[in-house]
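Chemist: Pasting a structure here, questions to come.
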Amino acid sequence: MKVSFIFALLGTSVLAANEFQATSLLTAADTKFGPAIEGVGVDKAGNIYATNFDSELTKAGKVTSSQNQLFQAPDAEAYVNGIRFNINSAGAEEAYIVDAALHRVYRLTDRQGADGAFANSGIFCQDEKMLQPNDLAIAPSSGRIFLSGMNYTSDTVVGNGDLWTCDGSGTATRLGQFHRTNGIEVSPDEKTLYLSESENKGGAVVANRILAFDLDAAAGTVSNQRVFADFGKLDNTEATDIDGMRTDVSGNLYVTRNGIGKVAVFAPSGELTSYISLASIDFVASIDFGGADGKKLHMVGKCKDDDTKGCVDVYNGDVAGRAFSDLQKSTTPPPPPPATGCGKTGRARK
Ligand SMILES: *[C@@H]1O[C@H](CO)[C@@H](O)[C@H](O)[C@H]1NC(C)=O
C-alpha cells in the first residue's frame, strides 16, 4: 500500500504537466528540406524559414506558405544553422543568418516587398574564436544579437560552449564560456537571456539545463547567472539534448527536447507547465511561432519515417511568439519634414 502510494505520488509529479499534440505540416513526401533542418525564424508577415533547404548546408529557405530559397552562403564550406529577422532603425526588414563552420553572421538587406527575397547580403560579424555560432537571438530595442556555440566532445569541459554578442556595427565580443551551449533566447521584456548548457561524460550525455542571466540589452552584458531549469531534476531527461528555444509574448519559454519528440514549456517563474508532443519528428531541432497571427508554433527536425528528409510540425498556441510580436511593434519612422520653401509636390518630383 505504502509503496504504491509513493509511486502514485511520484507518478503525479512527473505527469503534472499537461501534454498537447502537434500535427504534421511538411512530411517526408512534401518537404524540400533535408535532415539537418534547423534554425527556424519568423518574418514580419508570419512566414517561417529554416536551414538545409534543398538538403544543402549552405542554403536557407521558406517553409511557409510556399517552399523556396531565401539565401545561399557564398562559400561551399558554409554551414548555415540559425535565422532571425529584425526591423532596423530605418524601419526596414532585415535577416541575420549564422554560419557555424565559418564563424560568422550574414546580414540580408534590401527586401523586395514584404514577403520577398533580399537583394543584398554580406558578412555582418565574424570571429575565428567563436566555437560556431550554432544559434542566435536578437534584442530588437538595440538590434544586438546574441550567439551560442559548442565544441561537441566526449567529456565536456567549460570552454566547450560560448556566448557572444555582436553590436549594431558588427563588433563581436565574447561574454562567457560554459559547458556546451546551444539554445538561446531573450525574454519579451529583454531583461533575461536564456542559454542551454549540456554536458557529456565518457561519450554519454549526462546533464541538460537552462541557464538564465540578467540581460542589459543596450550594453550587451549579462550578469547574475543562475539555473532556470535542470531536466535531470525535473523529468529525468538529462540525457536528452536541448536545442532551439523560443519565448512567447507572455514570457513562456518553449524548449526542444531533441531525441524524444517533445517541446517542454516553462512559465517565466521556471515552472514546467506542459509538453507538446510532435507528430512526425523525434529529433526536434528548432522552433518558432508564425502564421498570420503569430500563434502557430512551427517545429522542425529530421523526419521520423525518413532520415534523409526534414519535417515540420505545427501546434496552435494561445498567444503570439515574442519574435513575431517584436516585428509588428517596429514601425517605419515618419519621413523627415519637407525643407523650408519646398512643398510636398516639389519633394516628390526630386
Ligand atoms: C574542441 O575540443 C577538443 C577536445 O577537447 C580540442 O582538442 C579542441 O581544441 C577544441 N576546439 C576548440 C575550437 O576549442
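Following the order of the C-alpha cells, first chain is A, next is B, and so on, with residues numbered from 1 inside each chain and ligands from 1 in the order they appear.
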Show me, as a list in words, the residues that have an atom within 9 Å of Ser24 in chain A when counting only C-alpha atoms, minus same-chain residues fewer than 2 positions from it.
Modeler: Ala22, Leu26, Thr27, Leu278, Ala279, Ser280, Ile281, Cys311, Val312, Asp313, Val314 and Tyr315 of chain A
Chemist: Please, could you write that set of residues out with N, CA, C and O atoms as a PDB file, in the first residue's frame?
Modeler:
ATOM      1  N   ALA A  22       0.997  18.019 -31.334  1.00  0.00           N
ATOM      2  CA  ALA A  22       1.236  18.768 -32.570  1.00  0.00           C
ATOM      3  C   ALA A  22       0.743  17.947 -33.756  1.00  0.00           C
ATOM      4  O   ALA A  22       0.533  16.738 -33.636  1.00  0.00           O
ATOM      5  N   LEU A  26       4.745  19.644 -42.890  1.00  0.00           N
ATOM      6  CA  LEU A  26       5.516  19.160 -44.041  1.00  0.00           C
ATOM      7  C   LEU A  26       6.028  17.766 -43.706  1.00  0.00           C
ATOM      8  O   LEU A  26       6.769  17.580 -42.742  1.00  0.00           O
ATOM      9  N   THR A  27       5.613  16.798 -44.514  1.00  0.00           N
ATOM     10  CA  THR A  27       6.030  15.410 -44.306  1.00  0.00           C
ATOM     11  C   THR A  27       7.206  15.091 -45.228  1.00  0.00           C
ATOM     12  O   THR A  27       7.576  15.914 -46.080  1.00  0.00           O
ATOM     13  N   LEU A 278       5.403  15.908 -30.590  1.00  0.00           N
ATOM     14  CA  LEU A 278       5.457  16.074 -32.035  1.00  0.00           C
ATOM     15  C   LEU A 278       4.834  14.887 -32.756  1.00  0.00           C
ATOM     16  O   LEU A 278       4.748  13.789 -32.196  1.00  0.00           O
ATOM     17  N   ALA A 279       4.425  15.120 -34.013  1.00  0.00           N
ATOM     18  CA  ALA A 279       3.770  14.074 -34.796  1.00  0.00           C
ATOM     19  C   ALA A 279       4.768  13.315 -35.667  1.00  0.00           C
ATOM     20  O   ALA A 279       4.759  12.086 -35.690  1.00  0.00           O
ATOM     21  N   SER A 280       5.647  14.056 -36.372  1.00  0.00           N
ATOM     22  CA  SER A 280       6.483  13.399 -37.382  1.00  0.00           C
ATOM     23  C   SER A 280       7.978  13.502 -37.102  1.00  0.00           C
ATOM     24  O   SER A 280       8.780  13.155 -37.955  1.00  0.00           O
ATOM     25  N   ILE A 281       8.334  14.009 -35.910  1.00  0.00           N
ATOM     26  CA  ILE A 281       9.746  14.285 -35.602  1.00  0.00           C
ATOM     27  C   ILE A 281      10.092  13.778 -34.194  1.00  0.00           C
ATOM     28  O   ILE A 281       9.379  14.089 -33.238  1.00  0.00           O
ATOM     29  N   CYS A 311      11.347  17.403 -41.610  1.00  0.00           N
ATOM     30  CA  CYS A 311       9.898  17.556 -41.448  1.00  0.00           C
ATOM     31  C   CYS A 311       9.568  18.806 -40.625  1.00  0.00           C
ATOM     32  O   CYS A 311      10.411  19.352 -39.921  1.00  0.00           O
ATOM     33  N   VAL A 312       8.303  19.242 -40.733  1.00  0.00           N
ATOM     34  CA  VAL A 312       7.813  20.387 -39.956  1.00  0.00           C
ATOM     35  C   VAL A 312       6.462  20.017 -39.339  1.00  0.00           C
ATOM     36  O   VAL A 312       5.561  19.557 -40.046  1.00  0.00           O
ATOM     37  N   ASP A 313       6.340  20.216 -38.025  1.00  0.00           N
ATOM     38  CA  ASP A 313       5.078  20.031 -37.305  1.00  0.00           C
ATOM     39  C   ASP A 313       4.581  21.385 -36.817  1.00  0.00           C
ATOM     40  O   ASP A 313       5.380  22.325 -36.685  1.00  0.00           O
ATOM     41  N   VAL A 314       3.291  21.492 -36.543  1.00  0.00           N
ATOM     42  CA  VAL A 314       2.734  22.746 -36.005  1.00  0.00           C
ATOM     43  C   VAL A 314       1.836  22.472 -34.805  1.00  0.00           C
ATOM     44  O   VAL A 314       1.249  21.394 -34.664  1.00  0.00           O
ATOM     45  N   TYR A 315       1.756  23.499 -33.962  1.00  0.00           N
ATOM     46  CA  TYR A 315       0.867  23.473 -32.806  1.00  0.00           C
ATOM     47  C   TYR A 315       0.297  24.876 -32.631  1.00  0.00           C
ATOM     48  O   TYR A 315       1.045  25.859 -32.659  1.00  0.00           O
TER      49      TYR A 315
END
Chemist: Given only C-alpha atoms and all ligand atoms, how would the per-residue table for chain A near ligand 1 read, listing every residue at most 6 Å away with its closest atom pair and distance in Å to one decimal, sorted by chain and number, as CSV?
Modeler:
residue,atom,partner,partner_atom_place_in_ligand_line,distance
A:Leu131,CA,ligand 1,13 (C),5.5
A:Asn151,CA,ligand 1,1 (C),5.0
A:Thr153,CA,ligand 1,4 (C),5.7
Chemist: For the interface of range 229-268 of chain A with range 192-210 of chain A (cut-off 6 Å, counting only C-alpha atoms), please tabulate each contacting residue of range 229-268 of chain A alongside its nearest pair of atoms and their separation in Å to one decimal, rows sorted by chain and increasing number, as JSON lines.
Modeler:
{"residue": "A:Ala229", "atom": "CA", "partner": "A:Ile210", "partner_atom": "CA", "distance": 5.1}
{"residue": "A:Asp230", "atom": "CA", "partner": "A:Arg209", "partner_atom": "CA", "distance": 4.2}
{"residue": "A:Phe231", "atom": "CA", "partner": "A:Asn208", "partner_atom": "CA", "distance": 5.8}
{"residue": "A:Glu238", "atom": "CA", "partner": "A:Ala207", "partner_atom": "CA", "distance": 4.7}
{"residue": "A:Ala239", "atom": "CA", "partner": "A:Val205", "partner_atom": "CA", "distance": 4.8}
Chemist: Please dump the current selection as an mmCIF file, in the first residue's frame; keep C-alpha atoms.
Modeler:
data_model
loop_
_atom_site.group_PDB
_atom_site.id
_atom_site.type_symbol
_atom_site.label_atom_id
_atom_site.label_comp_id
_atom_site.auth_asym_id
_atom_site.auth_seq_id
_atom_site.Cartn_x
_atom_site.Cartn_y
_atom_site.Cartn_z
ATOM 1 C CA ALA A 229 15.626 24.599 -15.178
ATOM 2 C CA ASP A 230 17.501 21.303 -14.824
ATOM 3 C CA PHE A 231 15.958 18.393 -16.742
ATOM 4 C CA GLU A 238 19.089 14.862 -18.599
ATOM 5 C CA ALA A 239 20.407 12.592 -21.408
#
Chemist: Determine the nearest neighbour of Ser277 in chain A from the options A:Asp306, A:Glu19, A:Asp248, A:Asp216, counting only C-alpha atoms.
Modeler: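 Closest to Ser277 in chain A, using only C-alpha atoms: A:Glu19.
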Chemist: Please give the complete set of residues from range 44-248 of chain A that DSSP, run on the backbone, assigns to helix (DSSP H, G or I), formatted as a ChimeraX atom specification.
Modeler: /A:231-234
Chemist: Please save C-alpha atoms of the selected residues as a PDB file, in the first residue's frame.
Modeler:
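This went into selection07.pdb:
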ATOM      1  CA  PHE A 231      15.958  18.393 -16.742  1.00  0.00           C
ATOM      2  CA  GLY A 232      17.733  15.826 -14.539  1.00  0.00           C
ATOM      3  CA  LYS A 233      15.725  17.130 -11.583  1.00  0.00           C
ATOM      4  CA  LEU A 234      12.502  17.905 -13.458  1.00  0.00           C
TER       5      LEU A 234
END
Chemist: Identify, on the basis of only C-alpha atoms, every residue whose closest approach to Ala95 in chain A does not exceed 8 Å; exclude the query and any residue fewer than 6 positions from it along the same chain; express the result as a PDB file with all heavy atoms, in the first residue's frame.
Modeler:
ATOM      1  N   ILE A  83      18.463  31.474 -38.102  1.00  0.00           N
ATOM      2  CA  ILE A  83      17.909  32.634 -38.826  1.00  0.00           C
ATOM      3  C   ILE A  83      17.068  33.462 -37.868  1.00  0.00           C
ATOM      4  O   ILE A  83      16.264  32.911 -37.115  1.00  0.00           O
ATOM      5  CB  ILE A  83      16.973  32.184 -39.977  1.00  0.00           C
ATOM      6  CG1 ILE A  83      17.687  31.227 -40.939  1.00  0.00           C
ATOM      7  CG2 ILE A  83      16.415  33.390 -40.730  1.00  0.00           C
ATOM      8  CD1 ILE A  83      16.750  30.543 -41.920  1.00  0.00           C
ATOM      9  N   ARG A  84      17.249  34.779 -37.911  1.00  0.00           N
ATOM     10  CA  ARG A  84      16.347  35.684 -37.189  1.00  0.00           C
ATOM     11  C   ARG A  84      16.099  36.921 -38.035  1.00  0.00           C
ATOM     12  O   ARG A  84      17.036  37.444 -38.649  1.00  0.00           O
ATOM     13  CB  ARG A  84      16.955  36.126 -35.859  1.00  0.00           C
ATOM     14  CG  ARG A  84      17.138  35.025 -34.848  1.00  0.00           C
ATOM     15  CD  ARG A  84      15.862  34.699 -34.118  1.00  0.00           C
ATOM     16  NE  ARG A  84      16.161  33.995 -32.867  1.00  0.00           N
ATOM     17  CZ  ARG A  84      15.347  33.941 -31.836  1.00  0.00           C
ATOM     18  NH1 ARG A  84      14.169  34.524 -31.884  1.00  0.00           N
ATOM     19  NH2 ARG A  84      15.688  33.294 -30.751  1.00  0.00           N
ATOM     20  N   PHE A  85      14.860  37.401 -38.018  1.00  0.00           N
ATOM     21  CA  PHE A  85      14.503  38.636 -38.714  1.00  0.00           C
ATOM     22  C   PHE A  85      14.469  39.779 -37.719  1.00  0.00           C
ATOM     23  O   PHE A  85      14.262  39.581 -36.527  1.00  0.00           O
ATOM     24  CB  PHE A  85      13.144  38.478 -39.404  1.00  0.00           C
ATOM     25  CG  PHE A  85      13.195  37.576 -40.607  1.00  0.00           C
ATOM     26  CD1 PHE A  85      13.246  36.201 -40.453  1.00  0.00           C
ATOM     27  CD2 PHE A  85      13.209  38.100 -41.895  1.00  0.00           C
ATOM     28  CE1 PHE A  85      13.313  35.356 -41.557  1.00  0.00           C
ATOM     29  CE2 PHE A  85      13.270  37.262 -43.007  1.00  0.00           C
ATOM     30  CZ  PHE A  85      13.321  35.891 -42.836  1.00  0.00           C
ATOM     31  N   ASN A  86      14.653  40.988 -38.245  1.00  0.00           N
ATOM     32  CA  ASN A  86      14.668  42.182 -37.397  1.00  0.00           C
ATOM     33  C   ASN A  86      14.186  43.359 -38.240  1.00  0.00           C
ATOM     34  O   ASN A  86      14.219  43.306 -39.466  1.00  0.00           O
ATOM     35  CB  ASN A  86      16.102  42.425 -36.900  1.00  0.00           C
ATOM     36  CG  ASN A  86      16.181  43.522 -35.865  1.00  0.00           C
ATOM     37  OD1 ASN A  86      15.350  43.580 -34.953  1.00  0.00           O
ATOM     38  ND2 ASN A  86      17.162  44.397 -35.993  1.00  0.00           N
ATOM     39  N   ARG A 107      24.203  39.298 -42.855  1.00  0.00           N
ATOM     40  CA  ARG A 107      23.021  40.157 -42.764  1.00  0.00           C
ATOM     41  C   ARG A 107      22.433  40.312 -44.164  1.00  0.00           C
ATOM     42  O   ARG A 107      23.146  40.646 -45.110  1.00  0.00           O
ATOM     43  CB  ARG A 107      23.369  41.535 -42.196  1.00  0.00           C
ATOM     44  CG  ARG A 107      22.126  42.443 -42.173  1.00  0.00           C
ATOM     45  CD  ARG A 107      22.249  43.638 -41.265  1.00  0.00           C
ATOM     46  NE  ARG A 107      23.373  44.477 -41.623  1.00  0.00           N
ATOM     47  CZ  ARG A 107      23.718  45.568 -40.950  1.00  0.00           C
ATOM     48  NH1 ARG A 107      23.043  45.930 -39.879  1.00  0.00           N
ATOM     49  NH2 ARG A 107      24.756  46.274 -41.338  1.00  0.00           N
ATOM     50  N   LEU A 108      21.118  40.078 -44.260  1.00  0.00           N
ATOM     51  CA  LEU A 108      20.403  40.203 -45.532  1.00  0.00           C
ATOM     52  C   LEU A 108      19.617  41.505 -45.498  1.00  0.00           C
ATOM     53  O   LEU A 108      18.869  41.747 -44.544  1.00  0.00           O
ATOM     54  CB  LEU A 108      19.437  39.029 -45.729  1.00  0.00           C
ATOM     55  CG  LEU A 108      20.016  37.686 -46.188  1.00  0.00           C
ATOM     56  CD1 LEU A 108      21.129  37.186 -45.291  1.00  0.00           C
ATOM     57  CD2 LEU A 108      18.919  36.631 -46.269  1.00  0.00           C
ATOM     58  N   THR A 109      19.784  42.334 -46.515  1.00  0.00           N
ATOM     59  CA  THR A 109      19.123  43.647 -46.558  1.00  0.00           C
ATOM     60  C   THR A 109      18.455  43.882 -47.911  1.00  0.00           C
ATOM     61  O   THR A 109      18.631  43.090 -48.843  1.00  0.00           O
ATOM     62  CB  THR A 109      20.146  44.774 -46.305  1.00  0.00           C
ATOM     63  OG1 THR A 109      21.175  44.664 -47.292  1.00  0.00           O
ATOM     64  CG2 THR A 109      20.750  44.696 -44.914  1.00  0.00           C
TER      65      THR A 109
END
Chemist: Considering only C-alpha atoms, return as a CSV table (one decimal) with all heavy atoms, in the first residue's frame whatever protein or nucleic-acid residues lie within 8 Å of Met130 in chain A, sequence-local ones (same chain, fewer than 5 positions apart) excluded.
Modeler:
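Produced file selection.csv, reproduced below:
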chain,number,residue,atom,x,y,z
A,103,HIS,N,32.3,30.6,-38.7
A,103,HIS,CA,32.3,31.5,-37.5
A,103,HIS,C,31.9,32.9,-37.9
A,103,HIS,O,32.6,33.9,-37.6
A,103,HIS,CB,33.7,31.5,-36.9
A,103,HIS,CG,34.3,30.2,-36.8
A,103,HIS,ND1,33.8,29.2,-35.9
A,103,HIS,CD2,35.3,29.6,-37.5
A,103,HIS,CE1,34.5,28.1,-36.1
A,103,HIS,NE2,35.4,28.3,-37.0
A,149,GLY,N,27.3,28.7,-29.1
A,149,GLY,CA,28.0,27.7,-29.9
A,149,GLY,C,28.6,26.6,-29.1
A,149,GLY,O,28.6,26.7,-27.8
A,162,ASP,N,30.1,28.6,-25.7
A,162,ASP,CA,30.4,30.1,-25.6
A,162,ASP,C,29.2,30.9,-25.9
A,162,ASP,O,28.3,30.5,-26.6
A,162,ASP,CB,31.7,30.5,-26.4
A,162,ASP,CG,31.6,30.2,-27.9
A,162,ASP,OD1,30.5,29.8,-28.4
A,162,ASP,OD2,32.6,30.4,-28.6
A,164,TRP,N,28.4,34.9,-27.2
A,164,TRP,CA,28.9,36.1,-27.9
A,164,TRP,C,27.8,37.1,-28.1
A,164,TRP,O,26.6,36.7,-28.2
A,164,TRP,CB,29.5,35.7,-29.2
A,164,TRP,CG,30.8,35.0,-29.1
A,164,TRP,CD1,31.0,33.6,-28.8
A,164,TRP,CD2,32.1,35.4,-29.4
A,164,TRP,NE1,32.3,33.3,-28.9
A,164,TRP,CE2,33.0,34.4,-29.2
A,164,TRP,CE3,32.7,36.7,-29.8
A,164,TRP,CZ2,34.4,34.5,-29.4
A,164,TRP,CZ3,34.0,36.8,-29.9
A,164,TRP,CH2,34.9,35.7,-29.7
A,174,ARG,N,33.0,38.2,-26.8
A,174,ARG,CA,32.7,37.0,-26.1
A,174,ARG,C,32.2,37.4,-24.7
A,174,ARG,O,33.0,38.1,-24.0
A,174,ARG,CB,33.8,36.0,-26.0
A,174,ARG,CG,33.4,34.7,-25.4
A,174,ARG,CD,34.4,33.6,-25.7
A,174,ARG,NE,35.7,33.9,-25.0
A,174,ARG,CZ,36.8,33.3,-25.3
A,174,ARG,NH1,36.9,32.4,-26.3
A,174,ARG,NH2,37.9,33.6,-24.7
Chemist: Find the residues near Ala76 in chain A: any atom within 10 Å, counting only C-alpha atoms, skip ones fewer than 4 places away on the same chain, and give them as a list of chain:residue names.
Modeler: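 That gives A:Glu56, A:Leu57, A:Thr58, A:Gln72.
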Chemist: Could the residues in this selection be written to a file with C-alpha atoms, as an mmCIF file, in the first residue's frame?
Modeler:
data_model
loop_
_atom_site.group_PDB
_atom_site.id
_atom_site.type_symbol
_atom_site.label_atom_id
_atom_site.label_comp_id
_atom_site.auth_asym_id
_atom_site.auth_seq_id
_atom_site.Cartn_x
_atom_site.Cartn_y
_atom_site.Cartn_z
ATOM 1 C CA GLU A 56 22.200 21.870 -48.725
ATOM 2 C CA LEU A 57 24.065 23.043 -45.607
ATOM 3 C CA THR A 58 24.785 26.332 -47.425
ATOM 4 C CA GLN A 72 22.756 30.620 -50.193
#
Chemist: Please provide the set of residues having any atom within 12 Å of Asp54 in chain A, restricted to only C-alpha atoms, with same-chain residues fewer than 4 positions apart removed, written as a ChimeraX atom specification.
Modeler: /A:31-37,50,58-63,67-72,308-310
Chemist: Now that the selection is made, can you save its residues with N, CA, C and O atoms as an mmCIF file, in the first residue's frame?
Modeler:
data_model
loop_
_atom_site.group_PDB
_atom_site.id
_atom_site.type_symbol
_atom_site.label_atom_id
_atom_site.label_comp_id
_atom_site.auth_asym_id
_atom_site.auth_seq_id
_atom_site.Cartn_x
_atom_site.Cartn_y
_atom_site.Cartn_z
ATOM 1 N N THR A 31 8.360 17.730 -48.321
ATOM 2 C CA THR A 31 9.388 18.694 -47.919
ATOM 3 C C THR A 31 10.475 18.894 -48.964
ATOM 4 O O THR A 31 10.836 17.963 -49.680
ATOM 5 N N LYS A 32 10.993 20.140 -49.005
ATOM 6 C CA LYS A 32 12.183 20.426 -49.818
ATOM 7 C C LYS A 32 13.399 20.622 -48.917
ATOM 8 O O LYS A 32 14.437 21.097 -49.355
ATOM 9 N N PHE A 33 13.240 20.278 -47.625
ATOM 10 C CA PHE A 33 14.330 20.455 -46.663
ATOM 11 C C PHE A 33 14.966 19.101 -46.335
ATOM 12 O O PHE A 33 14.307 18.068 -46.388
ATOM 13 N N GLY A 34 16.245 19.153 -45.973
ATOM 14 C CA GLY A 34 16.988 17.953 -45.627
ATOM 15 C C GLY A 34 16.964 17.677 -44.124
ATOM 16 O O GLY A 34 16.400 18.453 -43.352
ATOM 17 N N PRO A 35 17.607 16.586 -43.688
ATOM 18 C CA PRO A 35 17.534 16.148 -42.289
ATOM 19 C C PRO A 35 18.238 17.095 -41.310
ATOM 20 O O PRO A 35 17.978 17.027 -40.113
ATOM 21 N N ALA A 36 19.111 17.985 -41.825
ATOM 22 C CA ALA A 36 19.794 18.947 -40.942
ATOM 23 C C ALA A 36 18.966 20.230 -40.796
ATOM 24 O O ALA A 36 19.497 21.260 -40.386
ATOM 25 N N ILE A 37 17.679 20.162 -41.130
ATOM 26 C CA ILE A 37 16.789 21.330 -40.986
ATOM 27 C C ILE A 37 16.909 21.879 -39.563
ATOM 28 O O ILE A 37 16.931 21.120 -38.593
ATOM 29 N N ALA A 50 13.730 28.195 -42.540
ATOM 30 C CA ALA A 50 14.614 27.235 -41.861
ATOM 31 C C ALA A 50 15.820 26.960 -42.753
ATOM 32 O O ALA A 50 15.859 27.387 -43.920
ATOM 33 N N THR A 58 24.515 24.925 -47.092
ATOM 34 C CA THR A 58 24.785 26.332 -47.425
ATOM 35 C C THR A 58 23.507 27.131 -47.643
ATOM 36 O O THR A 58 23.571 28.339 -47.845
ATOM 37 N N LYS A 59 22.327 26.465 -47.622
ATOM 38 C CA LYS A 59 21.092 27.146 -48.019
ATOM 39 C C LYS A 59 20.044 27.228 -46.906
ATOM 40 O O LYS A 59 19.892 26.297 -46.115
ATOM 41 N N ALA A 60 19.316 28.359 -46.934
ATOM 42 C CA ALA A 60 18.139 28.519 -46.083
ATOM 43 C C ALA A 60 16.951 28.777 -47.001
ATOM 44 O O ALA A 60 17.115 29.321 -48.102
ATOM 45 N N GLY A 61 15.758 28.398 -46.552
ATOM 46 C CA GLY A 61 14.582 28.560 -47.399
ATOM 47 C C GLY A 61 13.341 28.831 -46.584
ATOM 48 O O GLY A 61 13.332 28.741 -45.349
ATOM 49 N N LYS A 62 12.281 29.171 -47.330
ATOM 50 C CA LYS A 62 10.989 29.462 -46.730
ATOM 51 C C LYS A 62 10.231 28.153 -46.547
ATOM 52 O O LYS A 62 10.179 27.328 -47.466
ATOM 53 N N VAL A 63 9.670 27.969 -45.359
ATOM 54 C CA VAL A 63 8.901 26.760 -45.040
ATOM 55 C C VAL A 63 7.433 26.971 -45.404
ATOM 56 O O VAL A 63 6.772 26.096 -45.949
ATOM 57 N N GLN A 67 7.450 26.784 -50.405
ATOM 58 C CA GLN A 67 8.856 26.473 -50.124
ATOM 59 C C GLN A 67 9.723 27.026 -51.237
ATOM 60 O O GLN A 67 9.625 26.575 -52.381
ATOM 61 N N ASN A 68 10.546 28.023 -50.893
ATOM 62 C CA ASN A 68 11.535 28.483 -51.859
ATOM 63 C C ASN A 68 12.767 29.026 -51.146
ATOM 64 O O ASN A 68 12.759 29.228 -49.938
ATOM 65 N N GLN A 69 13.822 29.256 -51.928
ATOM 66 C CA GLN A 69 15.114 29.617 -51.326
ATOM 67 C C GLN A 69 15.124 31.052 -50.815
ATOM 68 O O GLN A 69 14.651 31.962 -51.485
ATOM 69 N N LEU A 70 15.703 31.231 -49.622
ATOM 70 C CA LEU A 70 15.898 32.562 -49.041
ATOM 71 C C LEU A 70 17.333 33.025 -49.246
ATOM 72 O O LEU A 70 17.588 34.181 -49.563
ATOM 73 N N PHE A 71 18.289 32.113 -49.082
ATOM 74 C CA PHE A 71 19.702 32.500 -49.012
ATOM 75 C C PHE A 71 20.579 31.316 -49.346
ATOM 76 O O PHE A 71 20.259 30.188 -49.000
ATOM 77 N N GLN A 72 21.695 31.621 -50.039
ATOM 78 C CA GLN A 72 22.756 30.620 -50.193
ATOM 79 C C GLN A 72 24.071 31.280 -49.826
ATOM 80 O O GLN A 72 24.412 32.337 -50.372
ATOM 81 N N THR A 308 16.428 10.973 -44.354
ATOM 82 C CA THR A 308 17.091 11.785 -45.387
ATOM 83 C C THR A 308 16.321 13.089 -45.626
ATOM 84 O O THR A 308 16.679 13.871 -46.502
ATOM 85 N N LYS A 309 15.237 13.315 -44.849
ATOM 86 C CA LYS A 309 14.366 14.472 -45.077
ATOM 87 C C LYS A 309 14.152 15.258 -43.783
ATOM 88 O O LYS A 309 14.261 14.708 -42.685
ATOM 89 N N GLY A 310 13.789 16.542 -43.947
ATOM 90 C CA GLY A 310 13.466 17.392 -42.808
ATOM 91 C C GLY A 310 11.976 17.665 -42.758
ATOM 92 O O GLY A 310 11.379 18.094 -43.745
#
Chemist: What separation in Å, quoted to one decimal, exists between CA of Pro133 in chain A and CA of Asp99 in chain A?
Modeler: 6.5 Å
Chemist: Give me the residues near Glu94 in chain A as a PyMOL selection string, where near means some atom within 12 Å (using only C-alpha atoms) and where sequence neighbours in that chain fewer than 2 positions away do not count.
Modeler: chain A and resi 41-44+70+83-92+96-97+106-122+124+138+140+143+327
Chemist: Measuring between only C-alpha atoms, which one of A:Asp30, A:Asp282, A:Asp307, A:Asp135 shows the shortest distance to Asp243 in chain A?
Modeler: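 Smallest separation from Asp243 in chain A among the options: A:Asp135.
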Chemist: By how many Å are CA of Thr165 in chain A and CA of Ser286 in chain A apart?
Modeler: 20.4 Å
Chemist: Give me, as JSON lines, each residue of range 228-289 of chain A that comes within 12 Å of range 175-187 of chain A, together with its shortest interatomic pair and the distance in Å at one decimal, counting only C-alpha atoms, with rows ordered by chain and rising residue number.
Modeler:
{"residue": "A:Asp241", "atom": "CA", "partner": "A:Asn182", "partner_atom": "CA", "distance": 9.1}
{"residue": "A:Ile242", "atom": "CA", "partner": "A:Gly183", "partner_atom": "CA", "distance": 6.6}
{"residue": "A:Asp243", "atom": "CA", "partner": "A:Gly183", "partner_atom": "CA", "distance": 5.0}
{"residue": "A:Gly244", "atom": "CA", "partner": "A:Gly183", "partner_atom": "CA", "distance": 4.4}
{"residue": "A:Met245", "atom": "CA", "partner": "A:Gly183", "partner_atom": "CA", "distance": 5.2}
{"residue": "A:Arg246", "atom": "CA", "partner": "A:Glu185", "partner_atom": "CA", "distance": 5.8}
{"residue": "A:Thr247", "atom": "CA", "partner": "A:Ser187", "partner_atom": "CA", "distance": 6.3}
{"residue": "A:Asp248", "atom": "CA", "partner": "A:Ser187", "partner_atom": "CA", "distance": 8.2}
{"residue": "A:Val249", "atom": "CA", "partner": "A:Ser187", "partner_atom": "CA", "distance": 8.4}
{"residue": "A:Ser250", "atom": "CA", "partner": "A:Ser187", "partner_atom": "CA", "distance": 9.0}
{"residue": "A:Gly251", "atom": "CA", "partner": "A:Ser187", "partner_atom": "CA", "distance": 5.9}
{"residue": "A:Asn252", "atom": "CA", "partner": "A:Ser187", "partner_atom": "CA", "distance": 8.4}
{"residue": "A:Leu253", "atom": "CA", "partner": "A:Ser187", "partner_atom": "CA", "distance": 8.3}
{"residue": "A:Tyr254", "atom": "CA", "partner": "A:Glu185", "partner_atom": "CA", "distance": 9.8}
{"residue": "A:Val255", "atom": "CA", "partner": "A:Gly183", "partner_atom": "CA", "distance": 8.0}
{"residue": "A:Thr256", "atom": "CA", "partner": "A:Gly183", "partner_atom": "CA", "distance": 8.5}
{"residue": "A:Arg257", "atom": "CA", "partner": "A:Gly183", "partner_atom": "CA", "distance": 10.7}
{"residue": "A:Asn258", "atom": "CA", "partner": "A:Gly183", "partner_atom": "CA", "distance": 11.2}
{"residue": "A:Ala267", "atom": "CA", "partner": "A:Ser187", "partner_atom": "CA", "distance": 11.4}
{"residue": "A:Pro268", "atom": "CA", "partner": "A:Ser187", "partner_atom": "CA", "distance": 8.7}
{"residue": "A:Ala285", "atom": "CA", "partner": "A:Gly183", "partner_atom": "CA", "distance": 9.5}
{"residue": "A:Ser286", "atom": "CA", "partner": "A:Gly183", "partner_atom": "CA", "distance": 8.6}
{"residue": "A:Ile287", "atom": "CA", "partner": "A:Gly183", "partner_atom": "CA", "distance": 10.3}
{"residue": "A:Asp288", "atom": "CA", "partner": "A:Glu185", "partner_atom": "CA", "distance": 11.0}
